[in-house]
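Heads up, protein.tsv below (TSV, C-alpha atoms):
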chain	number	residue	atom	x	y	z
A	1	MET	CA	-120.96	-4.08	-56.81
A	2	SER	CA	-117.25	-5.00	-56.79
A	3	GLU	CA	-115.67	-4.32	-53.44
A	4	LYS	CA	-112.11	-3.08	-53.16
A	5	GLY	CA	-109.55	-5.74	-52.39
A	6	MET	CA	-108.01	-6.21	-48.95
A	7	LEU	CA	-104.37	-5.46	-48.24
A	8	ILE	CA	-102.76	-8.20	-46.15
A	9	VAL	CA	-99.40	-7.35	-44.65
A	10	LEU	CA	-97.26	-10.27	-43.46
A	11	SER	CA	-94.30	-9.10	-41.46
A	12	GLY	CA	-92.10	-10.07	-38.53
A	13	PRO	CA	-88.52	-10.19	-37.33
A	14	SER	CA	-85.68	-10.97	-39.68
A	15	GLY	CA	-85.10	-14.73	-39.85
A	16	VAL	CA	-88.57	-15.76	-38.63
A	17	GLY	CA	-89.40	-17.40	-41.93
A	18	LYS	CA	-91.59	-14.80	-43.64
A	19	GLY	CA	-90.39	-15.83	-47.09
A	20	THR	CA	-91.06	-19.53	-46.52
A	21	VAL	CA	-94.55	-18.87	-45.17
A	22	ARG	CA	-95.30	-16.48	-48.00
A	23	GLN	CA	-94.19	-19.05	-50.58
A	24	ALA	CA	-96.39	-21.70	-48.97
A	25	MET	CA	-99.32	-19.23	-48.95
A	26	VAL	CA	-98.87	-18.51	-52.65
A	27	LYS	CA	-98.61	-22.22	-53.44
A	28	LYS	CA	-101.75	-23.17	-51.47
A	29	TYR	CA	-103.99	-20.12	-51.83
A	30	GLY	CA	-102.43	-18.36	-54.81
A	31	GLN	CA	-105.79	-18.12	-56.58
A	32	GLN	CA	-107.33	-16.11	-53.75
A	33	PHE	CA	-104.92	-13.19	-53.65
A	34	LYS	CA	-102.12	-11.49	-55.52
A	35	TYR	CA	-98.65	-11.45	-54.07
A	36	SER	CA	-96.96	-8.09	-54.35
A	37	ILE	CA	-93.38	-8.60	-55.45
A	38	SER	CA	-90.93	-6.40	-53.57
A	39	MET	CA	-88.19	-4.32	-55.13
A	40	THR	CA	-84.67	-4.58	-53.76
A	41	THR	CA	-81.12	-3.47	-54.42
A	42	ARG	CA	-79.54	-6.55	-52.82
A	43	GLN	CA	-77.96	-9.27	-54.90
A	44	PRO	CA	-80.14	-12.26	-55.81
A	45	ARG	CA	-79.50	-15.38	-53.72
A	46	ALA	CA	-79.21	-18.80	-55.35
A	47	ARG	CA	-82.46	-19.77	-57.14
A	48	GLU	CA	-84.00	-16.29	-56.77
A	49	VAL	CA	-85.54	-15.03	-59.98
A	50	ASN	CA	-86.02	-11.38	-61.01
A	51	GLY	CA	-89.73	-10.53	-61.25
A	52	VAL	CA	-90.68	-13.61	-59.23
A	53	ASP	CA	-88.92	-13.35	-55.88
A	54	TYR	CA	-88.04	-9.67	-56.17
A	55	TYR	CA	-87.58	-6.95	-58.68
A	56	PHE	CA	-83.82	-6.59	-58.51
A	57	VAL	CA	-82.81	-3.01	-59.31
A	58	SER	CA	-79.82	-0.70	-58.88
A	59	LYS	CA	-79.50	1.75	-56.01
A	60	ASP	CA	-80.00	4.63	-58.45
A	61	GLU	CA	-83.21	3.15	-59.82
A	62	PHE	CA	-84.57	2.55	-56.32
A	63	GLU	CA	-83.79	6.08	-55.13
A	64	HIS	CA	-85.44	7.44	-58.25
A	65	GLU	CA	-88.68	5.63	-57.31
A	66	ILE	CA	-88.50	6.98	-53.73
A	67	ALA	CA	-88.02	10.52	-55.01
A	68	ASN	CA	-91.08	10.14	-57.27
A	69	GLY	CA	-93.32	8.90	-54.42
A	70	GLY	CA	-93.56	5.53	-56.12
A	71	MET	CA	-92.96	3.38	-53.02
A	72	LEU	CA	-95.74	2.28	-50.64
A	73	GLU	CA	-92.97	1.47	-48.16
A	74	TYR	CA	-89.26	0.96	-48.18
A	75	ALA	CA	-86.42	0.37	-45.77
A	76	GLN	CA	-82.69	-0.12	-45.72
A	77	TYR	CA	-81.22	-3.33	-44.27
A	78	VAL	CA	-77.49	-4.03	-44.31
A	79	ASP	CA	-76.91	-1.30	-46.89
A	80	ASN	CA	-79.61	-2.53	-49.25
A	81	TYR	CA	-83.02	-1.09	-50.07
A	82	TYR	CA	-86.16	-3.21	-49.90
A	83	GLY	CA	-89.59	-1.83	-50.77
A	84	THR	CA	-93.02	-2.16	-52.35
A	85	PRO	CA	-93.88	-0.34	-55.59
A	86	LEU	CA	-97.20	1.47	-55.01
A	87	LYS	CA	-98.57	1.29	-58.55
A	88	TYR	CA	-99.22	-2.46	-58.84
A	89	VAL	CA	-100.68	-2.71	-55.33
A	90	ASN	CA	-103.27	-0.02	-56.05
A	91	GLN	CA	-104.17	-1.56	-59.41
A	92	MET	CA	-104.85	-4.96	-57.83
A	93	LEU	CA	-106.85	-3.52	-54.91
A	94	ASP	CA	-108.96	-1.43	-57.29
A	95	ASN	CA	-109.70	-4.61	-59.26
A	96	GLY	CA	-111.15	-6.12	-56.07
A	97	GLN	CA	-108.22	-8.47	-55.55
A	98	ASP	CA	-106.68	-9.10	-52.16
A	99	VAL	CA	-102.98	-8.29	-52.10
A	100	LEU	CA	-100.38	-9.98	-49.90
A	101	LEU	CA	-97.27	-8.05	-48.91
A	102	GLU	CA	-94.38	-9.82	-47.20
A	103	ILE	CA	-92.22	-7.07	-45.77
A	104	GLU	CA	-89.90	-6.02	-42.96
A	105	VAL	CA	-91.33	-4.45	-39.81
A	106	LYS	CA	-90.21	-0.91	-40.58
A	107	GLY	CA	-91.94	-1.11	-43.92
A	108	ALA	CA	-95.07	-2.55	-42.33
A	109	MET	CA	-95.30	0.49	-40.05
A	110	GLN	CA	-95.09	2.78	-43.07
A	111	VAL	CA	-97.96	0.87	-44.70
A	112	ARG	CA	-99.95	1.02	-41.46
A	113	SER	CA	-99.73	4.80	-41.47
A	114	LYS	CA	-100.97	4.94	-45.08
A	115	VAL	CA	-103.55	2.10	-45.31
A	116	SER	CA	-105.98	2.23	-42.40
A	117	ASN	CA	-108.01	-0.85	-43.35
A	118	GLY	CA	-105.13	-3.22	-44.06
A	119	VAL	CA	-104.75	-6.48	-42.14
A	120	PHE	CA	-101.43	-6.54	-40.31
A	121	ILE	CA	-100.10	-9.95	-39.37
A	122	PHE	CA	-96.98	-10.36	-37.25
A	123	LEU	CA	-95.17	-13.65	-37.84
A	124	ALA	CA	-93.55	-14.57	-34.53
A	125	PRO	CA	-90.84	-17.08	-33.68
A	126	PRO	CA	-91.86	-19.73	-31.11
A	127	ASP	CA	-89.15	-18.15	-28.99
A	128	LEU	CA	-85.96	-16.23	-29.47
A	129	HIS	CA	-83.86	-19.39	-29.21
A	130	SER	CA	-85.47	-20.93	-32.26
A	131	LEU	CA	-85.04	-17.63	-34.08
A	132	GLN	CA	-81.30	-17.87	-33.48
A	133	GLN	CA	-81.24	-21.48	-34.69
A	134	ARG	CA	-83.00	-20.53	-37.89
A	135	ILE	CA	-80.58	-17.73	-38.60
A	136	GLU	CA	-77.61	-20.05	-37.96
A	137	LYS	CA	-79.03	-22.74	-40.21
A	138	ARG	CA	-79.35	-20.33	-43.07
A	139	GLY	CA	-75.57	-20.14	-42.91
A	140	THR	CA	-75.21	-16.94	-44.86
A	141	ASP	CA	-74.36	-14.64	-41.98
A	142	ASP	CA	-71.39	-14.49	-39.56
A	143	SER	CA	-71.86	-14.54	-35.78
A	144	GLU	CA	-71.54	-10.77	-35.39
A	145	THR	CA	-74.41	-10.26	-37.85
A	146	ILE	CA	-76.48	-12.86	-35.99
A	147	LYS	CA	-75.88	-11.09	-32.68
A	148	LYS	CA	-77.06	-7.82	-34.20
A	149	ARG	CA	-80.13	-9.56	-35.58
A	150	MET	CA	-81.02	-10.98	-32.17
A	151	ILE	CA	-80.97	-7.53	-30.61
A	152	LYS	CA	-83.02	-6.28	-33.52
A	153	ALA	CA	-85.49	-9.14	-33.07
A	154	ARG	CA	-86.21	-8.18	-29.48
A	155	GLU	CA	-86.90	-4.63	-30.60
A	156	GLU	CA	-89.09	-5.87	-33.41
A	157	ILE	CA	-91.11	-8.15	-31.15
A	158	ASN	CA	-91.89	-5.07	-29.08
A	159	LEU	CA	-93.39	-3.70	-32.28
A	160	MET	CA	-95.98	-6.50	-32.16
A	161	THR	CA	-98.38	-4.05	-30.53
A	162	ASN	CA	-98.68	-2.25	-33.84
A	163	TYR	CA	-100.16	-5.30	-35.58
A	164	ASP	CA	-103.64	-6.79	-35.65
A	165	TYR	CA	-102.67	-10.47	-35.40
A	166	VAL	CA	-99.80	-12.62	-34.20
A	167	VAL	CA	-99.15	-15.92	-35.97
A	168	VAL	CA	-96.48	-18.18	-34.48
A	169	ASN	CA	-94.36	-19.83	-37.14
A	170	ASP	CA	-93.89	-23.10	-35.27
A	171	LYS	CA	-94.78	-25.10	-38.38
A	172	VAL	CA	-95.14	-23.56	-41.81
A	173	ASP	CA	-98.35	-25.50	-42.56
A	174	LEU	CA	-99.95	-24.33	-39.32
A	175	ALA	CA	-98.85	-20.74	-39.86
A	176	VAL	CA	-100.35	-20.80	-43.36
A	177	GLN	CA	-103.59	-22.25	-42.02
A	178	ARG	CA	-103.83	-19.53	-39.35
A	179	ILE	CA	-103.20	-16.79	-41.89
A	180	GLU	CA	-105.89	-18.24	-44.15
A	181	GLN	CA	-108.33	-18.18	-41.21
A	182	ILE	CA	-107.47	-14.56	-40.50
A	183	ILE	CA	-108.07	-13.60	-44.14
A	184	ALA	CA	-111.40	-15.46	-44.29
A	185	SER	CA	-112.47	-13.93	-41.00
A	186	GLU	CA	-111.46	-10.40	-42.00
A	187	HIS	CA	-113.70	-10.69	-45.07
A	188	LEU	CA	-116.64	-11.05	-42.66
A	189	ARG	CA	-115.86	-7.84	-40.76
A	190	VAL	CA	-118.84	-5.49	-40.64
A	191	ALA	CA	-116.67	-2.58	-41.74
A	192	ARG	CA	-115.82	-4.45	-44.98
A	193	VAL	CA	-119.25	-5.80	-45.94
A	194	LEU	CA	-121.79	-3.30	-44.63
A	195	SER	CA	-122.25	-1.35	-47.85
A	196	SER	CA	-123.09	-4.46	-49.87
A	197	TYR	CA	-125.70	-5.49	-47.28
A	198	GLN	CA	-127.26	-2.06	-47.33
A	199	LYS	CA	-127.53	-2.30	-51.15
A	200	MET	CA	-129.06	-5.79	-50.93
A	201	LEU	CA	-131.72	-4.68	-48.46
A	202	GLY	CA	-132.46	-1.59	-50.53
A	203	ASP	CA	-133.27	-3.88	-53.48
A	204	ASN	CA	-136.15	-5.60	-51.68
B	205	MET	CA	-100.25	-18.60	-17.53
B	206	SER	CA	-103.95	-19.26	-18.12
B	207	GLU	CA	-105.59	-16.54	-20.17
B	208	LYS	CA	-109.15	-15.42	-19.57
B	209	GLY	CA	-111.71	-16.95	-21.89
B	210	MET	CA	-113.25	-15.10	-24.81
B	211	LEU	CA	-116.89	-14.07	-24.89
B	212	ILE	CA	-118.50	-14.84	-28.26
B	213	VAL	CA	-121.87	-13.23	-28.86
B	214	LEU	CA	-124.00	-14.71	-31.66
B	215	SER	CA	-126.97	-12.53	-32.46
B	216	GLY	CA	-129.18	-11.41	-35.31
B	217	PRO	CA	-132.77	-10.77	-36.33
B	218	SER	CA	-135.60	-12.89	-35.02
B	219	GLY	CA	-136.15	-15.88	-37.33
B	220	VAL	CA	-132.68	-15.85	-38.90
B	221	GLY	CA	-131.82	-19.23	-37.45
B	222	LYS	CA	-129.66	-18.34	-34.46
B	223	GLY	CA	-130.83	-21.37	-32.50
B	224	THR	CA	-130.13	-23.80	-35.32
B	225	VAL	CA	-126.65	-22.39	-35.91
B	226	ARG	CA	-125.91	-22.41	-32.20
B	227	GLN	CA	-127.00	-26.04	-31.88
B	228	ALA	CA	-124.78	-27.01	-34.83
B	229	MET	CA	-121.88	-25.09	-33.24
B	230	VAL	CA	-122.32	-26.92	-29.95
B	231	LYS	CA	-122.55	-30.27	-31.76
B	232	LYS	CA	-119.43	-29.71	-33.88
B	233	TYR	CA	-117.20	-27.60	-31.61
B	234	GLY	CA	-118.76	-28.18	-28.20
B	235	GLN	CA	-115.40	-29.12	-26.68
B	236	GLN	CA	-113.87	-25.76	-27.56
B	237	PHE	CA	-116.29	-23.47	-25.75
B	238	LYS	CA	-119.08	-23.39	-23.22
B	239	TYR	CA	-122.56	-22.45	-24.30
B	240	SER	CA	-124.28	-20.07	-21.93
B	241	ILE	CA	-127.84	-21.22	-21.40
B	242	SER	CA	-130.32	-18.34	-21.41
B	243	MET	CA	-133.06	-17.77	-18.88
B	244	THR	CA	-136.60	-17.10	-20.07
B	245	THR	CA	-140.13	-16.71	-18.81
B	246	ARG	CA	-141.72	-18.04	-22.02
B	247	GLN	CA	-143.29	-21.49	-22.18
B	248	PRO	CA	-141.09	-24.35	-23.43
B	249	ARG	CA	-141.77	-25.40	-27.04
B	250	ALA	CA	-142.02	-29.08	-27.97
B	251	ARG	CA	-138.77	-30.96	-27.23
B	252	GLU	CA	-137.24	-28.03	-25.30
B	253	VAL	CA	-135.66	-29.11	-22.03
B	254	ASN	CA	-135.18	-26.98	-18.91
B	255	GLY	CA	-131.47	-26.47	-18.19
B	256	VAL	CA	-130.52	-27.53	-21.71
B	257	ASP	CA	-132.29	-25.18	-24.11
B	258	TYR	CA	-133.20	-22.54	-21.53
B	259	TYR	CA	-133.64	-22.09	-17.83
B	260	PHE	CA	-137.42	-21.72	-17.72
B	261	VAL	CA	-138.41	-19.50	-14.79
B	262	SER	CA	-141.40	-17.48	-13.62
B	263	LYS	CA	-141.75	-13.76	-14.22
B	264	ASP	CA	-141.24	-13.12	-10.51
B	265	GLU	CA	-138.01	-15.11	-10.44
B	266	PHE	CA	-136.69	-13.30	-13.50
B	267	GLU	CA	-137.49	-9.85	-12.13
B	268	HIS	CA	-135.81	-10.80	-8.87
B	269	GLU	CA	-132.58	-11.56	-10.78
B	270	ILE	CA	-132.78	-8.24	-12.64
B	271	ALA	CA	-133.27	-6.35	-9.38
B	272	ASN	CA	-130.20	-8.08	-7.89
B	273	GLY	CA	-127.98	-7.18	-10.89
B	274	GLY	CA	-127.72	-10.84	-11.77
B	275	MET	CA	-128.32	-10.50	-15.52
B	276	LEU	CA	-125.55	-9.78	-18.05
B	277	GLU	CA	-128.32	-8.81	-20.46
B	278	TYR	CA	-132.04	-9.25	-20.78
B	279	ALA	CA	-134.90	-8.16	-22.99
B	280	GLN	CA	-138.63	-8.52	-23.35
B	281	TYR	CA	-140.07	-10.05	-26.54
B	282	VAL	CA	-143.79	-10.67	-26.98
B	283	ASP	CA	-144.38	-10.23	-23.22
B	284	ASN	CA	-141.67	-12.66	-22.20
B	285	TYR	CA	-138.27	-12.06	-20.65
B	286	TYR	CA	-135.11	-13.56	-22.16
B	287	GLY	CA	-131.69	-13.05	-20.60
B	288	THR	CA	-128.24	-14.29	-19.63
B	289	PRO	CA	-127.38	-14.99	-15.99
B	290	LEU	CA	-124.08	-13.23	-15.24
B	291	LYS	CA	-122.68	-15.63	-12.66
B	292	TYR	CA	-122.01	-18.68	-14.87
B	293	VAL	CA	-120.57	-16.59	-17.69
B	294	ASN	CA	-118.00	-14.98	-15.40
B	295	GLN	CA	-117.07	-18.32	-13.84
B	296	MET	CA	-116.39	-19.89	-17.24
B	297	LEU	CA	-114.41	-16.89	-18.54
B	298	ASP	CA	-112.30	-16.82	-15.36
B	299	ASN	CA	-111.53	-20.51	-15.92
B	300	GLY	CA	-110.08	-19.61	-19.31
B	301	GLN	CA	-113.00	-21.06	-21.25
B	302	ASP	CA	-114.56	-19.38	-24.25
B	303	VAL	CA	-118.26	-18.73	-23.77
B	304	LEU	CA	-120.85	-18.62	-26.54
B	305	LEU	CA	-123.98	-16.52	-26.06
B	306	GLU	CA	-126.85	-16.79	-28.53
B	307	ILE	CA	-129.05	-13.78	-27.84
B	308	GLU	CA	-131.38	-11.19	-29.34
B	309	VAL	CA	-129.98	-7.94	-30.71
B	310	LYS	CA	-131.13	-5.75	-27.83
B	311	GLY	CA	-129.38	-8.04	-25.39
B	312	ALA	CA	-126.25	-8.09	-27.55
B	313	MET	CA	-126.05	-4.31	-27.33
B	314	GLN	CA	-126.25	-4.50	-23.53
B	315	VAL	CA	-123.37	-6.98	-23.53
B	316	ARG	CA	-121.39	-4.77	-25.91
B	317	SER	CA	-121.65	-1.90	-23.45
B	318	LYS	CA	-120.36	-4.11	-20.61
B	319	VAL	CA	-117.79	-6.39	-22.25
B	320	SER	CA	-115.38	-4.40	-24.39
B	321	ASN	CA	-113.31	-7.35	-25.64
B	322	GLY	CA	-116.17	-9.65	-26.63
B	323	VAL	CA	-116.54	-10.90	-30.20
B	324	PHE	CA	-119.85	-9.80	-31.66
B	325	ILE	CA	-121.17	-11.80	-34.58
B	326	PHE	CA	-124.30	-10.77	-36.48
B	327	LEU	CA	-126.08	-13.68	-38.16
B	328	ALA	CA	-127.72	-12.26	-41.27
B	329	PRO	CA	-130.43	-13.67	-43.54
B	330	PRO	CA	-129.40	-14.01	-47.23
B	331	ASP	CA	-132.16	-11.47	-47.82
B	332	LEU	CA	-135.39	-10.35	-46.22
B	333	HIS	CA	-137.44	-12.65	-48.45
B	334	SER	CA	-135.78	-15.76	-47.11
B	335	LEU	CA	-136.25	-14.41	-43.59
B	336	GLN	CA	-140.01	-14.25	-44.23
B	337	GLN	CA	-140.02	-17.80	-45.66
B	338	ARG	CA	-138.27	-19.12	-42.58
B	339	ILE	CA	-140.71	-17.48	-40.23
B	340	GLU	CA	-143.67	-18.83	-42.25
B	341	LYS	CA	-142.23	-22.35	-42.27
B	342	ARG	CA	-141.93	-22.36	-38.52
B	343	GLY	CA	-145.70	-22.10	-38.51
B	344	THR	CA	-146.04	-20.86	-34.96
B	345	ASP	CA	-146.92	-17.24	-35.71
B	346	ASP	CA	-149.86	-15.58	-37.46
B	347	SER	CA	-149.40	-13.15	-40.37
B	348	GLU	CA	-149.73	-10.04	-38.23
B	349	THR	CA	-146.88	-11.23	-36.03
B	350	ILE	CA	-144.81	-12.01	-39.12
B	351	LYS	CA	-145.41	-8.52	-40.50
B	352	LYS	CA	-144.24	-7.00	-37.23
B	353	ARG	CA	-141.18	-9.20	-37.28
B	354	MET	CA	-140.29	-8.10	-40.81
B	355	ILE	CA	-140.34	-4.45	-39.77
B	356	LYS	CA	-138.30	-5.38	-36.73
B	357	ALA	CA	-135.82	-7.26	-38.92
B	358	ARG	CA	-135.12	-4.20	-41.05
B	359	GLU	CA	-134.45	-2.20	-37.92
B	360	GLU	CA	-132.24	-4.94	-36.55
B	361	ILE	CA	-130.21	-5.21	-39.74
B	362	ASN	CA	-129.46	-1.53	-39.34
B	363	LEU	CA	-127.96	-2.51	-36.00
B	364	MET	CA	-125.34	-4.54	-37.88
B	365	THR	CA	-122.97	-1.60	-37.53
B	366	ASN	CA	-122.68	-2.37	-33.82
B	367	TYR	CA	-121.16	-5.80	-34.48
B	368	ASP	CA	-117.66	-6.96	-35.37
B	369	TYR	CA	-118.60	-9.60	-37.95
B	370	VAL	CA	-121.47	-10.51	-40.26
B	371	VAL	CA	-122.10	-14.17	-41.05
B	372	VAL	CA	-124.77	-14.96	-43.64
B	373	ASN	CA	-126.85	-17.96	-42.67
B	374	ASP	CA	-127.32	-19.25	-46.21
B	375	LYS	CA	-126.39	-22.78	-45.12
B	376	VAL	CA	-126.02	-23.81	-41.51
B	377	ASP	CA	-122.79	-25.75	-42.18
B	378	LEU	CA	-121.24	-22.75	-43.90
B	379	ALA	CA	-122.35	-20.37	-41.17
B	380	VAL	CA	-120.83	-22.66	-38.54
B	381	GLN	CA	-117.58	-22.88	-40.50
B	382	ARG	CA	-117.38	-19.08	-40.78
B	383	ILE	CA	-118.02	-18.63	-37.07
B	384	GLU	CA	-115.31	-21.17	-36.28
B	385	GLN	CA	-112.88	-19.22	-38.48
B	386	ILE	CA	-113.76	-16.01	-36.68
B	387	ILE	CA	-113.16	-17.61	-33.28
B	388	ALA	CA	-109.81	-19.10	-34.35
B	389	SER	CA	-108.77	-15.81	-35.88
B	390	GLU	CA	-109.80	-13.75	-32.83
B	391	HIS	CA	-107.55	-15.93	-30.67
B	392	LEU	CA	-104.63	-14.64	-32.74
B	393	ARG	CA	-105.42	-10.96	-32.11
B	394	VAL	CA	-102.47	-9.06	-30.68
B	395	ALA	CA	-104.66	-7.57	-27.95
B	396	ARG	CA	-105.48	-11.09	-26.72
B	397	VAL	CA	-102.04	-12.72	-26.84
B	398	LEU	CA	-99.54	-9.94	-26.22
B	399	SER	CA	-99.11	-10.54	-22.50
B	400	SER	CA	-98.23	-14.22	-22.96
B	401	TYR	CA	-95.62	-13.28	-25.59
B	402	GLN	CA	-94.10	-10.71	-23.31
B	403	LYS	CA	-93.83	-13.35	-20.58
B	404	MET	CA	-92.25	-15.85	-23.01
B	405	LEU	CA	-89.62	-13.36	-24.10
B	406	GLY	CA	-88.94	-12.35	-20.54
B	407	ASP	CA	-88.13	-16.00	-19.74
B	408	ASN	CA	-85.24	-16.13	-22.19
Please re-express this file's structure in structure tokens.
Amino acid sequence: MSEKGMLIVLSGPSGVGKGTVRQAMVKKYGQQFKYSISMTTRQPRAREVNGVDYYFVSKDEFEHEIANGGMLEYAQYVDNYYGTPLKYVNQMLDNGQDVLLEIEVKGAMQVRSKVSNGVFIFLAPPDLHSLQQRIEKRGTDDSETIKKRMIKAREEINLMTNYDYVVVNDKVDLAVQRIEQIIASEHLRVARVLSSYQKMLGDN
Amino acid sequence: MSEKGMLIVLSGPSGVGKGTVRQAMVKKYGQQFKYSISMTTRQPRAREVNGVDYYFVSKDEFEHEIANGGMLEYAQYVDNYYGTPLKYVNQMLDNGQDVLLEIEVKGAMQVRSKVSNGVFIFLAPPDLHSLQQRIEKRGTDDSETIKKRMIKAREEINLMTNYDYVVVNDKVDLAVQRIEQIIASEHLRVARVLSSYQKMLGDN
């Protein structure tokens, strides 16, 4: 009576801290779900490891996967591809394991259109000001790039309506706790558990 | 920027332990929501207090409220009326307070038809056998009544599809914890928080 796993999509504006929250989730609740490692054509940053943080591939390799329908979602940001290989996600879900995706908003909308029973969580900045601070602190982008990202962020926050939940990333620990509550709660949804109850009652 | 409160409806088959779970909820999280006291025409059981456990009223009084549209929901069980006075619920919701209703399944369906954004939680027995044990332990009903209740329970469990969440009452503490997770999680739903985010962004 193994149920299919649940697809949890963590997304939100660029710079909101998706990666940090995801890492904290994996550290604290890593036994309860599988993290789906994204594929990207961008260069690894310091301390990023291939096969752990991302699958780092060439542009040709990435486009080959797209052409073969091998991507659950993908998007281009600043001339690089980012995406989720479909194969591993499906394997894990079929094994009854929950799968966590941490992806950009455009990608999340692609997943939404393909996976009707996924749980879509929008990670939100406490306000746009703090978003800007975070981007500046990261120190890897010039001011023109930051300005573009701010405009993008406003657009992306308007996309919030396409998600199921909004989690403010005011503190990483609190954000992680809220996401854990959402996951626990979603496992109690009638739509997810009804068939097992019907079987149980049939056994009496 | 005070948001309206959230209506939480805790329901489930007769004998599943709704009252016990509700009491534990009020004891542990009583500061976080208001419990809506039901009105009934049945006689108080030992230790039940008017205005605490129920509003105990006469049949005439109850029917007068129904006629005046004063009941959010009501039902008849074993010749007695049980119901929720509308006035207090609306007052508490308007004040931004979450309201917990603990009601029978027929009443829950009436609320569902009137309150589209309520949170409907079905408290389920681990299995029908344990439901029977619980009813027997209570020792207030004869075997014919129990038999009727078992048939009723099967019907009611089929009603599960009309709820948002299913919480198994295997242990009261665990049931309470699950309900608390559902409430916390529901407060993060996009549909509930979007307007406050839009205001926040507009302020920047």
**Request:** Tell me, as an MDAnalysis selection string, which residues lie within 10 Å of Val172 of chain A, counting only C-alpha atoms; anything in the same chain fewer than 5 positions away does not count.
**Result:** chainID A and resid 17:18 20:25 177:178
Counting all atoms listed in the file, which residues of chain B sit at most 6 Å from some atom of chain A, and what is each one's closest atom pair with its distance in Å to one decimal, listed by chain and rising residue number, as a Markdown table?
| residue | atom | partner | partner_atom | distance |
| --- | --- | --- | --- | --- |
| B:Asp368 | CA | A:Val190 | CA | 5.6 |
| B:Tyr369 | CA | A:Arg189 | CA | 4.3 |
| B:Val370 | CA | A:Leu188 | CA | 5.4 |
| B:Gln385 | CA | A:Gln181 | CA | 5.4 |
| B:Ile386 | CA | A:Ser185 | CA | 5.0 |
| B:Ser389 | CA | A:Ile182 | CA | 5.0 |
| B:Leu392 | CA | A:Tyr165 | CA | 5.3 |
| B:Arg393 | CA | A:Tyr165 | CA | 4.3 |
| B:Val394 | CA | A:Tyr165 | CA | 4.9 |
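If you look at atom CA of Ala279 of chain B and atom CA of Lys263 of chain B, they are 12.5 Å away from each other.
Using all atoms listed in the file for every distance, the candidate list A:Gly118, A:Ala108, A:Glu65, A:Arg42 yields A:Arg42 as the residue closest to Tyr82 of chain A.
With distances restricted to all atoms listed in the file, A:Val111 is the closest residue to Met71 of chain A from A:Met92, A:Val26, A:Val111, A:Leu174.
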